[in-house]
Amino acid sequence: MPFVLPDLPYAHDALAGQGMSRETLEYHHDLHHKAYVDNGNKLIAGTEWEDQSLEEIISGTYQSGAVAQNGIFNNASQHWNHMQFWEMMGPGAGSIPSELERRISDSFGSVDAFKQEFTAAGVGQFGSGWCWLVENSRGELQVTKTENGVNPICTGDTALLGCDVWEHSYYIDFRNKRPAYLENFLNNLVNWDNVASRLNG
C-alpha cells in the first residue's frame, strides 16, 4: 500500500516549550520523514511489495545482521519509526500511568534506573539509529538500541517507546549534546499514556 505522510498529532510549535522547536519539527517531519515516504513509494512501485502492509514490507525486506540494508527496507522502516515517534511524544507530558510504572520498576529497579539505561543505550548507539523500550515475546521489558532504521519489528518485539538519535532529530536544539537531548526527551517530551497503551495484556 502507498506510504502516506501523517500529520503531526500536534502543532509544529506545540513542543517548543519542552525542548523540541518548531524548526526541528519542520525539518524532521516535513522534510526528512516526507523523504522516506516519497522515496519508499518510488521504490515499491511495480514490485511485489506495492500492495503489502508497511509491517509486511519491513519484515520481508529486513536482512538480519546487515549493516547496510536495502533501499526499500530503509525507507519503509524509517517511515514506521517516525510514525511511532510522533505519537510517543506530546505537549504537556504527564506522569507515568501506574501499571506502566510498576512494570518499569519491576524490570529495571526504578523509573530512574530505566531512564539511565535508556539514555546510555541512545548515547552508546554509534552513528545513526534508535534506542527503544520494548516488550519482548516473553512479556519482559527491555531497553535495546538499533542501527540506522532497524526497529523492534525486525526482532519480534513490541515497541513501547523509541527515541530517534539521528542527528537531524536533535542538532538544531541540542547541537552535538545527544545525552542532553535524550534526558530532555524522557523528562519532558514522552507521552506516557501512549507508551502504556502499547503494553500487551
# chains A, B, ... in the order shown; residues from 1 in each chain; ligands from 1

call {"tool": "residues_around", "arguments": {"residues": "His168 in chain A", "least_positions_apart": "4", "cutoff": "10 Å", "atoms": "only C-alpha atoms", "output": "compact mmCIF listing (two decimals) with C-alpha atoms, in the first residue's frame"}}
result
# COMPACT_ATOMS: atom_id res chain seq x y z
CA THR A 24 13.23 20.90 14.33
CA LEU A 25 9.76 19.53 13.60
CA TYR A 27 12.84 19.81 9.18
CA HIS A 28 12.30 16.43 10.80
CA HIS A 32 13.11 14.07 6.49
CA SER A 128 22.69 6.96 13.45
CA ASP A 164 15.48 8.88 17.26
CA ILE A 172 19.07 22.23 15.85
CA ASP A 173 18.07 22.32 19.52
CA ARG A 175 23.83 20.68 18.72

call {"tool": "select_by_dssp", "arguments": {"residues": "range 110-197 of chain A", "states": "strand (DSSP E or B)", "output": "ChimeraX atom specification"}}
result
/A:129-135,141-147,158-164,190

call {"tool": "write_last_selection", "arguments": {"atoms": "N, CA and C atoms", "output": "short mmCIF file (atom, residue, chain, number, x, y, z; two decimals), in the first residue's frame"}}
result
data_model
loop_
_atom_site.label_atom_id
_atom_site.label_comp_id
_atom_site.auth_asym_id
_atom_site.auth_seq_id
_atom_site.Cartn_x
_atom_site.Cartn_y
_atom_site.Cartn_z
N GLY A 129 20.77 5.95 14.50
CA GLY A 129 19.95 4.83 14.94
C GLY A 129 18.89 5.24 15.93
N TRP A 130 18.45 4.28 16.71
CA TRP A 130 17.36 4.47 17.65
C TRP A 130 17.65 3.72 18.95
N CYS A 131 17.06 4.20 20.05
CA CYS A 131 17.03 3.40 21.28
C CYS A 131 15.56 3.18 21.63
N TRP A 132 15.29 2.03 22.26
CA TRP A 132 13.91 1.57 22.44
C TRP A 132 13.67 1.02 23.84
N LEU A 133 12.45 1.19 24.31
CA LEU A 133 11.90 0.35 25.38
C LEU A 133 10.95 -0.60 24.68
N VAL A 134 11.21 -1.91 24.83
CA VAL A 134 10.39 -2.90 24.14
C VAL A 134 9.82 -3.90 25.15
N GLU A 135 8.75 -4.55 24.73
CA GLU A 135 8.23 -5.71 25.43
C GLU A 135 8.52 -6.91 24.53
N LEU A 141 10.13 -6.42 29.79
CA LEU A 141 10.52 -5.10 29.29
C LEU A 141 12.04 -5.05 29.19
N GLN A 142 12.54 -4.53 28.08
CA GLN A 142 13.97 -4.42 27.84
C GLN A 142 14.28 -3.10 27.15
N VAL A 143 15.48 -2.60 27.36
CA VAL A 143 15.99 -1.47 26.61
C VAL A 143 16.91 -2.03 25.52
N THR A 144 16.69 -1.59 24.29
CA THR A 144 17.52 -2.02 23.18
C THR A 144 17.94 -0.81 22.35
N LYS A 145 18.87 -1.03 21.45
CA LYS A 145 19.25 0.01 20.50
C LYS A 145 19.43 -0.64 19.14
N THR A 146 19.16 0.13 18.09
CA THR A 146 19.25 -0.38 16.73
C THR A 146 19.97 0.62 15.84
N GLU A 147 20.66 0.10 14.84
CA GLU A 147 21.39 0.97 13.92
C GLU A 147 20.48 1.45 12.81
N THR A 158 7.71 -5.79 20.75
CA THR A 158 6.73 -4.72 20.68
C THR A 158 7.38 -3.41 21.12
N ALA A 159 7.35 -2.41 20.26
CA ALA A 159 7.93 -1.11 20.58
C ALA A 159 6.99 -0.35 21.53
N LEU A 160 7.48 -0.04 22.70
CA LEU A 160 6.71 0.78 23.64
C LEU A 160 7.14 2.24 23.56
N LEU A 161 8.44 2.47 23.44
CA LEU A 161 8.98 3.82 23.38
C LEU A 161 10.24 3.79 22.52
N GLY A 162 10.36 4.73 21.62
CA GLY A 162 11.56 4.83 20.80
C GLY A 162 12.02 6.26 20.71
N CYS A 163 13.33 6.44 20.66
CA CYS A 163 13.88 7.79 20.51
C CYS A 163 14.87 7.79 19.35
N ASP A 164 14.66 8.71 18.45
CA ASP A 164 15.48 8.88 17.26
C ASP A 164 16.79 9.56 17.65
N VAL A 190 7.96 12.74 26.44
CA VAL A 190 7.28 11.46 26.26
C VAL A 190 5.81 11.54 26.64
#

call {"tool": "closest_residue", "arguments": {"among": "A:Phe3, A:Ser105, A:His29, A:Ala121", "to": "Ile72 in chain A", "atoms": "only C-alpha atoms"}}
result
A:Phe3

call {"tool": "residues_around", "arguments": {"residues": "range 35-50 of chain A", "least_positions_apart": "4", "cutoff": "12 Å", "atoms": "only C-alpha atoms", "output": "ChimeraX atom specification"}}
result
/A:1-6,27-31,54-61,70-83,149

call {"tool": "write_last_selection", "arguments": {"atoms": "N, CA and C atoms", "output": "tab-separated table (two decimals), in the first residue's frame"}}
result
chain	number	residue	atom	x	y	z
A	1	MET	N	0.85	-1.19	0.00
A	1	MET	CA	0.00	0.00	0.00
A	1	MET	C	0.88	1.25	0.00
A	2	PRO	N	0.45	2.31	-0.65
A	2	PRO	CA	1.28	3.52	-0.71
A	2	PRO	C	1.56	4.07	0.68
A	3	PHE	N	2.76	4.58	0.86
A	3	PHE	CA	3.10	5.24	2.11
A	3	PHE	C	2.45	6.63	2.11
A	4	VAL	N	1.95	7.04	3.26
A	4	VAL	CA	1.31	8.35	3.40
A	4	VAL	C	1.93	9.07	4.59
A	5	LEU	N	2.35	10.29	4.37
A	5	LEU	CA	2.90	11.08	5.47
A	5	LEU	C	1.77	11.53	6.38
A	6	PRO	N	1.76	11.09	7.65
A	6	PRO	CA	0.68	11.53	8.54
A	6	PRO	C	0.93	12.95	9.03
A	27	TYR	N	11.82	20.57	9.91
A	27	TYR	CA	12.84	19.81	9.18
A	27	TYR	C	12.61	18.31	9.31
A	28	HIS	N	12.35	17.87	10.53
A	28	HIS	CA	12.30	16.43	10.80
A	28	HIS	C	11.06	15.77	10.20
A	29	HIS	N	9.90	16.35	10.42
A	29	HIS	CA	8.67	15.78	9.89
A	29	HIS	C	8.45	16.16	8.42
A	30	ASP	N	8.48	17.45	8.14
A	30	ASP	CA	8.08	17.93	6.83
A	30	ASP	C	9.09	17.61	5.73
A	31	LEU	N	10.36	17.46	6.09
A	31	LEU	CA	11.39	17.18	5.08
A	31	LEU	C	11.94	15.76	5.18
A	54	LEU	N	2.77	-1.97	5.55
A	54	LEU	CA	4.08	-1.43	5.93
A	54	LEU	C	4.85	-2.45	6.77
A	55	GLU	N	4.17	-3.09	7.71
A	55	GLU	CA	4.83	-4.07	8.57
A	55	GLU	C	5.32	-5.28	7.76
A	56	GLU	N	4.54	-5.70	6.78
A	56	GLU	CA	4.95	-6.82	5.92
A	56	GLU	C	6.17	-6.45	5.08
A	57	ILE	N	6.21	-5.22	4.62
A	57	ILE	CA	7.36	-4.76	3.84
A	57	ILE	C	8.61	-4.76	4.71
A	58	ILE	N	8.50	-4.26	5.93
A	58	ILE	CA	9.65	-4.21	6.83
A	58	ILE	C	10.16	-5.61	7.12
A	59	SER	N	9.26	-6.50	7.50
A	59	SER	CA	9.66	-7.87	7.83
A	59	SER	C	10.24	-8.59	6.62
A	60	GLY	N	9.65	-8.36	5.46
A	60	GLY	CA	10.06	-9.09	4.26
A	60	GLY	C	11.35	-8.61	3.64
A	61	THR	N	11.73	-7.37	3.90
A	61	THR	CA	12.94	-6.83	3.28
A	61	THR	C	14.11	-6.70	4.25
A	70	ASN	N	18.76	-2.74	2.34
A	70	ASN	CA	18.34	-2.31	1.01
A	70	ASN	C	17.45	-1.07	1.10
A	71	GLY	N	17.30	-0.39	-0.02
A	71	GLY	CA	16.58	0.89	-0.03
A	71	GLY	C	15.14	0.77	0.40
A	72	ILE	N	14.44	-0.27	-0.03
A	72	ILE	CA	13.04	-0.42	0.37
A	72	ILE	C	12.93	-0.55	1.87
A	73	PHE	N	13.75	-1.41	2.46
A	73	PHE	CA	13.70	-1.56	3.92
A	73	PHE	C	13.99	-0.24	4.62
A	74	ASN	N	15.06	0.42	4.22
A	74	ASN	CA	15.45	1.64	4.93
A	74	ASN	C	14.33	2.67	4.95
A	75	ASN	N	13.70	2.90	3.83
A	75	ASN	CA	12.65	3.92	3.77
A	75	ASN	C	11.37	3.46	4.46
A	76	ALA	N	11.00	2.19	4.29
A	76	ALA	CA	9.80	1.68	4.96
A	76	ALA	C	9.97	1.68	6.48
A	77	SER	N	11.12	1.22	6.94
A	77	SER	CA	11.35	1.14	8.38
A	77	SER	C	11.41	2.53	9.01
A	78	GLN	N	12.07	3.46	8.34
A	78	GLN	CA	12.14	4.81	8.89
A	78	GLN	C	10.77	5.49	8.86
A	79	HIS	N	9.97	5.17	7.86
A	79	HIS	CA	8.60	5.70	7.84
A	79	HIS	C	7.83	5.19	9.07
A	80	TRP	N	7.92	3.90	9.34
A	80	TRP	CA	7.23	3.32	10.51
A	80	TRP	C	7.79	3.91	11.80
A	81	ASN	N	9.10	3.98	11.90
A	81	ASN	CA	9.73	4.51	13.12
A	81	ASN	C	9.22	5.91	13.43
A	82	HIS	N	9.16	6.74	12.41
A	82	HIS	CA	8.76	8.13	12.66
A	82	HIS	C	7.28	8.25	12.98
A	83	MET	N	6.44	7.43	12.38
A	83	MET	CA	5.02	7.46	12.75
A	83	MET	C	4.85	7.16	14.23
A	149	GLY	N	17.81	2.42	10.46
A	149	GLY	CA	16.36	2.38	10.57
A	149	GLY	C	15.81	1.11	11.18

call {"tool": "select_by_dssp", "arguments": {"residues": "range 120-172 of chain A", "states": "helix (DSSP H, G or I)", "output": "list in words"}}
result
Ala120, Ala121, Gly122, Val123, Gly124, Pro152, Ile153, Cys154, Thr155, Glu167, His168, Ser169, Tyr171 and Ile172 of chain A

call {"tool": "residues_around", "arguments": {"residues": "Gly92 in chain A", "least_positions_apart": "3", "cutoff": "12 Å", "atoms": "only C-alpha atoms", "output": "ChimeraX atom specification"}}
result
/A:10,14-19,89,95,187-193

call {"tool": "residues_around", "arguments": {"residues": "Pro179 in chain A", "least_positions_apart": "6", "cutoff": "8 Å", "atoms": "only C-alpha atoms", "output": "PDB file with N, CA and C atoms, in the first residue's frame"}}
result
ATOM      1  N   THR A 119      18.956   6.153  28.332  1.00  0.00           N
ATOM      2  CA  THR A 119      19.864   7.209  27.897  1.00  0.00           C
ATOM      3  C   THR A 119      21.210   6.633  27.478  1.00  0.00           C
ATOM      4  N   GLY A 122      20.967   5.111  24.037  1.00  0.00           N
ATOM      5  CA  GLY A 122      20.947   6.115  22.980  1.00  0.00           C
ATOM      6  C   GLY A 122      22.293   6.775  22.773  1.00  0.00           C
ATOM      7  N   VAL A 123      22.972   7.081  23.869  1.00  0.00           N
ATOM      8  CA  VAL A 123      24.298   7.688  23.770  1.00  0.00           C
ATOM      9  C   VAL A 123      25.283   6.695  23.156  1.00  0.00           C
TER      10      VAL A 123
END

call {"tool": "closest_residue", "arguments": {"among": "A:Phe108, A:Glu99, A:Glu23, A:Gln84", "to": "Asn151 in chain A", "atoms": "only C-alpha atoms"}}
result
A:Gln84

call {"tool": "closest_residue", "arguments": {"among": "A:Asp157, A:Asp7, A:Asp51, A:Glu101", "to": "Asn200 in chain A", "atoms": "only C-alpha atoms"}}
result
A:Asp157

call {"tool": "decode", "arguments": {"residues": "range 42-75 of chain A", "atoms": "N, CA, C and O atoms", "output": "mmCIF file, in the first residue's frame"}}
result
data_model
loop_
_atom_site.group_PDB
_atom_site.id
_atom_site.type_symbol
_atom_site.label_atom_id
_atom_site.label_comp_id
_atom_site.auth_asym_id
_atom_site.auth_seq_id
_atom_site.Cartn_x
_atom_site.Cartn_y
_atom_site.Cartn_z
ATOM 1 N N LYS A 42 8.432 5.418 -4.447
ATOM 2 C CA LYS A 42 9.106 5.204 -5.728
ATOM 3 C C LYS A 42 9.713 3.805 -5.805
ATOM 4 O O LYS A 42 9.658 3.143 -6.848
ATOM 5 N N LEU A 43 10.277 3.349 -4.686
ATOM 6 C CA LEU A 43 10.985 2.072 -4.687
ATOM 7 C C LEU A 43 10.044 0.869 -4.733
ATOM 8 O O LEU A 43 10.392 -0.169 -5.304
ATOM 9 N N ILE A 44 8.864 0.978 -4.117
ATOM 10 C CA ILE A 44 7.960 -0.180 -4.113
ATOM 11 C C ILE A 44 7.070 -0.233 -5.343
ATOM 12 O O ILE A 44 6.451 -1.267 -5.610
ATOM 13 N N ALA A 45 7.013 0.849 -6.096
ATOM 14 C CA ALA A 45 6.141 0.886 -7.284
ATOM 15 C C ALA A 45 6.524 -0.223 -8.256
ATOM 16 O O ALA A 45 7.683 -0.371 -8.643
ATOM 17 N N GLY A 46 5.523 -1.038 -8.628
ATOM 18 C CA GLY A 46 5.747 -2.104 -9.584
ATOM 19 C C GLY A 46 6.451 -3.325 -9.039
ATOM 20 O O GLY A 46 6.827 -4.220 -9.796
ATOM 21 N N THR A 47 6.634 -3.399 -7.715
ATOM 22 C CA THR A 47 7.299 -4.553 -7.102
ATOM 23 C C THR A 47 6.284 -5.404 -6.350
ATOM 24 O O THR A 47 5.109 -5.041 -6.208
ATOM 25 N N GLU A 48 6.761 -6.522 -5.812
ATOM 26 C CA GLU A 48 5.903 -7.415 -5.026
ATOM 27 C C GLU A 48 5.411 -6.763 -3.743
ATOM 28 O O GLU A 48 4.458 -7.232 -3.111
ATOM 29 N N TRP A 49 6.059 -5.670 -3.341
ATOM 30 C CA TRP A 49 5.722 -5.013 -2.071
ATOM 31 C C TRP A 49 4.648 -3.948 -2.223
ATOM 32 O O TRP A 49 4.155 -3.413 -1.233
ATOM 33 N N GLU A 50 4.275 -3.625 -3.420
ATOM 34 C CA GLU A 50 3.396 -2.490 -3.682
ATOM 35 C C GLU A 50 2.064 -2.588 -2.942
ATOM 36 O O GLU A 50 1.521 -1.573 -2.496
ATOM 37 N N ASP A 51 1.532 -3.808 -2.784
ATOM 38 C CA ASP A 51 0.226 -3.976 -2.140
ATOM 39 C C ASP A 51 0.327 -4.546 -0.730
ATOM 40 O O ASP A 51 -0.691 -4.916 -0.128
ATOM 41 N N GLN A 52 1.553 -4.629 -0.194
ATOM 42 C CA GLN A 52 1.744 -5.184 1.150
ATOM 43 C C GLN A 52 1.601 -4.085 2.204
ATOM 44 O O GLN A 52 1.778 -2.894 1.919
ATOM 45 N N SER A 53 1.310 -4.501 3.430
ATOM 46 C CA SER A 53 1.261 -3.537 4.532
ATOM 47 C C SER A 53 2.677 -3.075 4.864
ATOM 48 O O SER A 53 3.668 -3.735 4.500
ATOM 49 N N LEU A 54 2.770 -1.970 5.553
ATOM 50 C CA LEU A 54 4.075 -1.434 5.932
ATOM 51 C C LEU A 54 4.854 -2.451 6.765
ATOM 52 O O LEU A 54 6.051 -2.662 6.553
ATOM 53 N N GLU A 55 4.169 -3.093 7.708
ATOM 54 C CA GLU A 55 4.835 -4.073 8.566
ATOM 55 C C GLU A 55 5.315 -5.275 7.756
ATOM 56 O O GLU A 55 6.403 -5.816 8.019
ATOM 57 N N GLU A 56 4.540 -5.702 6.784
ATOM 58 C CA GLU A 56 4.948 -6.820 5.924
ATOM 59 C C GLU A 56 6.165 -6.450 5.083
ATOM 60 O O GLU A 56 7.063 -7.275 4.874
ATOM 61 N N ILE A 57 6.213 -5.216 4.620
ATOM 62 C CA ILE A 57 7.361 -4.761 3.842
ATOM 63 C C ILE A 57 8.612 -4.761 4.706
ATOM 64 O O ILE A 57 9.684 -5.231 4.287
ATOM 65 N N ILE A 58 8.502 -4.258 5.927
ATOM 66 C CA ILE A 58 9.652 -4.209 6.832
ATOM 67 C C ILE A 58 10.158 -5.609 7.124
ATOM 68 O O ILE A 58 11.364 -5.902 7.002
ATOM 69 N N SER A 59 9.263 -6.500 7.503
ATOM 70 C CA SER A 59 9.661 -7.871 7.831
ATOM 71 C C SER A 59 10.235 -8.589 6.620
ATOM 72 O O SER A 59 11.211 -9.340 6.733
ATOM 73 N N GLY A 60 9.653 -8.363 5.456
ATOM 74 C CA GLY A 60 10.061 -9.088 4.261
ATOM 75 C C GLY A 60 11.349 -8.612 3.636
ATOM 76 O O GLY A 60 12.003 -9.361 2.900
ATOM 77 N N THR A 61 11.734 -7.372 3.901
ATOM 78 C CA THR A 61 12.944 -6.825 3.279
ATOM 79 C C THR A 61 14.112 -6.695 4.255
ATOM 80 O O THR A 61 15.218 -6.343 3.844
ATOM 81 N N TYR A 62 13.881 -6.992 5.523
ATOM 82 C CA TYR A 62 14.960 -6.894 6.516
ATOM 83 C C TYR A 62 15.970 -8.015 6.317
ATOM 84 O O TYR A 62 15.609 -9.177 6.151
ATOM 85 N N GLN A 63 17.235 -7.656 6.342
ATOM 86 C CA GLN A 63 18.319 -8.623 6.231
ATOM 87 C C GLN A 63 19.049 -8.664 7.566
ATOM 88 O O GLN A 63 19.793 -7.753 7.908
ATOM 89 N N SER A 64 18.825 -9.698 8.343
ATOM 90 C CA SER A 64 19.393 -9.800 9.683
ATOM 91 C C SER A 64 20.916 -9.693 9.650
ATOM 92 O O SER A 64 21.587 -10.391 8.891
ATOM 93 N N GLY A 65 21.426 -8.802 10.486
ATOM 94 C CA GLY A 65 22.869 -8.647 10.596
ATOM 95 C C GLY A 65 23.500 -7.780 9.529
ATOM 96 O O GLY A 65 24.703 -7.535 9.563
ATOM 97 N N ALA A 66 22.721 -7.308 8.580
ATOM 98 C CA ALA A 66 23.282 -6.487 7.506
ATOM 99 C C ALA A 66 23.398 -5.039 7.965
ATOM 100 O O ALA A 66 22.424 -4.443 8.401
ATOM 101 N N VAL A 67 24.591 -4.497 7.883
ATOM 102 C CA VAL A 67 24.785 -3.106 8.293
ATOM 103 C C VAL A 67 24.091 -2.171 7.313
ATOM 104 O O VAL A 67 23.388 -1.245 7.696
ATOM 105 N N ALA A 68 24.290 -2.406 6.036
ATOM 106 C CA ALA A 68 23.647 -1.578 5.018
ATOM 107 C C ALA A 68 22.438 -2.327 4.463
ATOM 108 O O ALA A 68 22.572 -3.302 3.740
ATOM 109 N N GLN A 69 21.256 -1.887 4.840
ATOM 110 C CA GLN A 69 20.035 -2.534 4.383
ATOM 111 C C GLN A 69 19.699 -2.052 2.970
ATOM 112 O O GLN A 69 20.260 -1.062 2.488
ATOM 113 N N ASN A 70 18.764 -2.737 2.339
ATOM 114 C CA ASN A 70 18.339 -2.307 1.007
ATOM 115 C C ASN A 70 17.449 -1.067 1.103
ATOM 116 O O ASN A 70 16.912 -0.742 2.158
ATOM 117 N N GLY A 71 17.302 -0.388 -0.022
ATOM 118 C CA GLY A 71 16.580 0.885 -0.025
ATOM 119 C C GLY A 71 15.136 0.774 0.400
ATOM 120 O O GLY A 71 14.621 1.655 1.104
ATOM 121 N N ILE A 72 14.436 -0.270 -0.028
ATOM 122 C CA ILE A 72 13.038 -0.417 0.365
ATOM 123 C C ILE A 72 12.927 -0.549 1.870
ATOM 124 O O ILE A 72 12.119 0.132 2.515
ATOM 125 N N PHE A 73 13.750 -1.410 2.461
ATOM 126 C CA PHE A 73 13.703 -1.565 3.921
ATOM 127 C C PHE A 73 13.986 -0.244 4.622
ATOM 128 O O PHE A 73 13.266 0.152 5.543
ATOM 129 N N ASN A 74 15.060 0.423 4.225
ATOM 130 C CA ASN A 74 15.454 1.641 4.926
ATOM 131 C C ASN A 74 14.334 2.671 4.954
ATOM 132 O O ASN A 74 14.047 3.268 6.003
ATOM 133 N N ASN A 75 13.698 2.901 3.827
ATOM 134 C CA ASN A 75 12.651 3.916 3.766
ATOM 135 C C ASN A 75 11.371 3.462 4.458
ATOM 136 O O ASN A 75 10.724 4.248 5.157
#
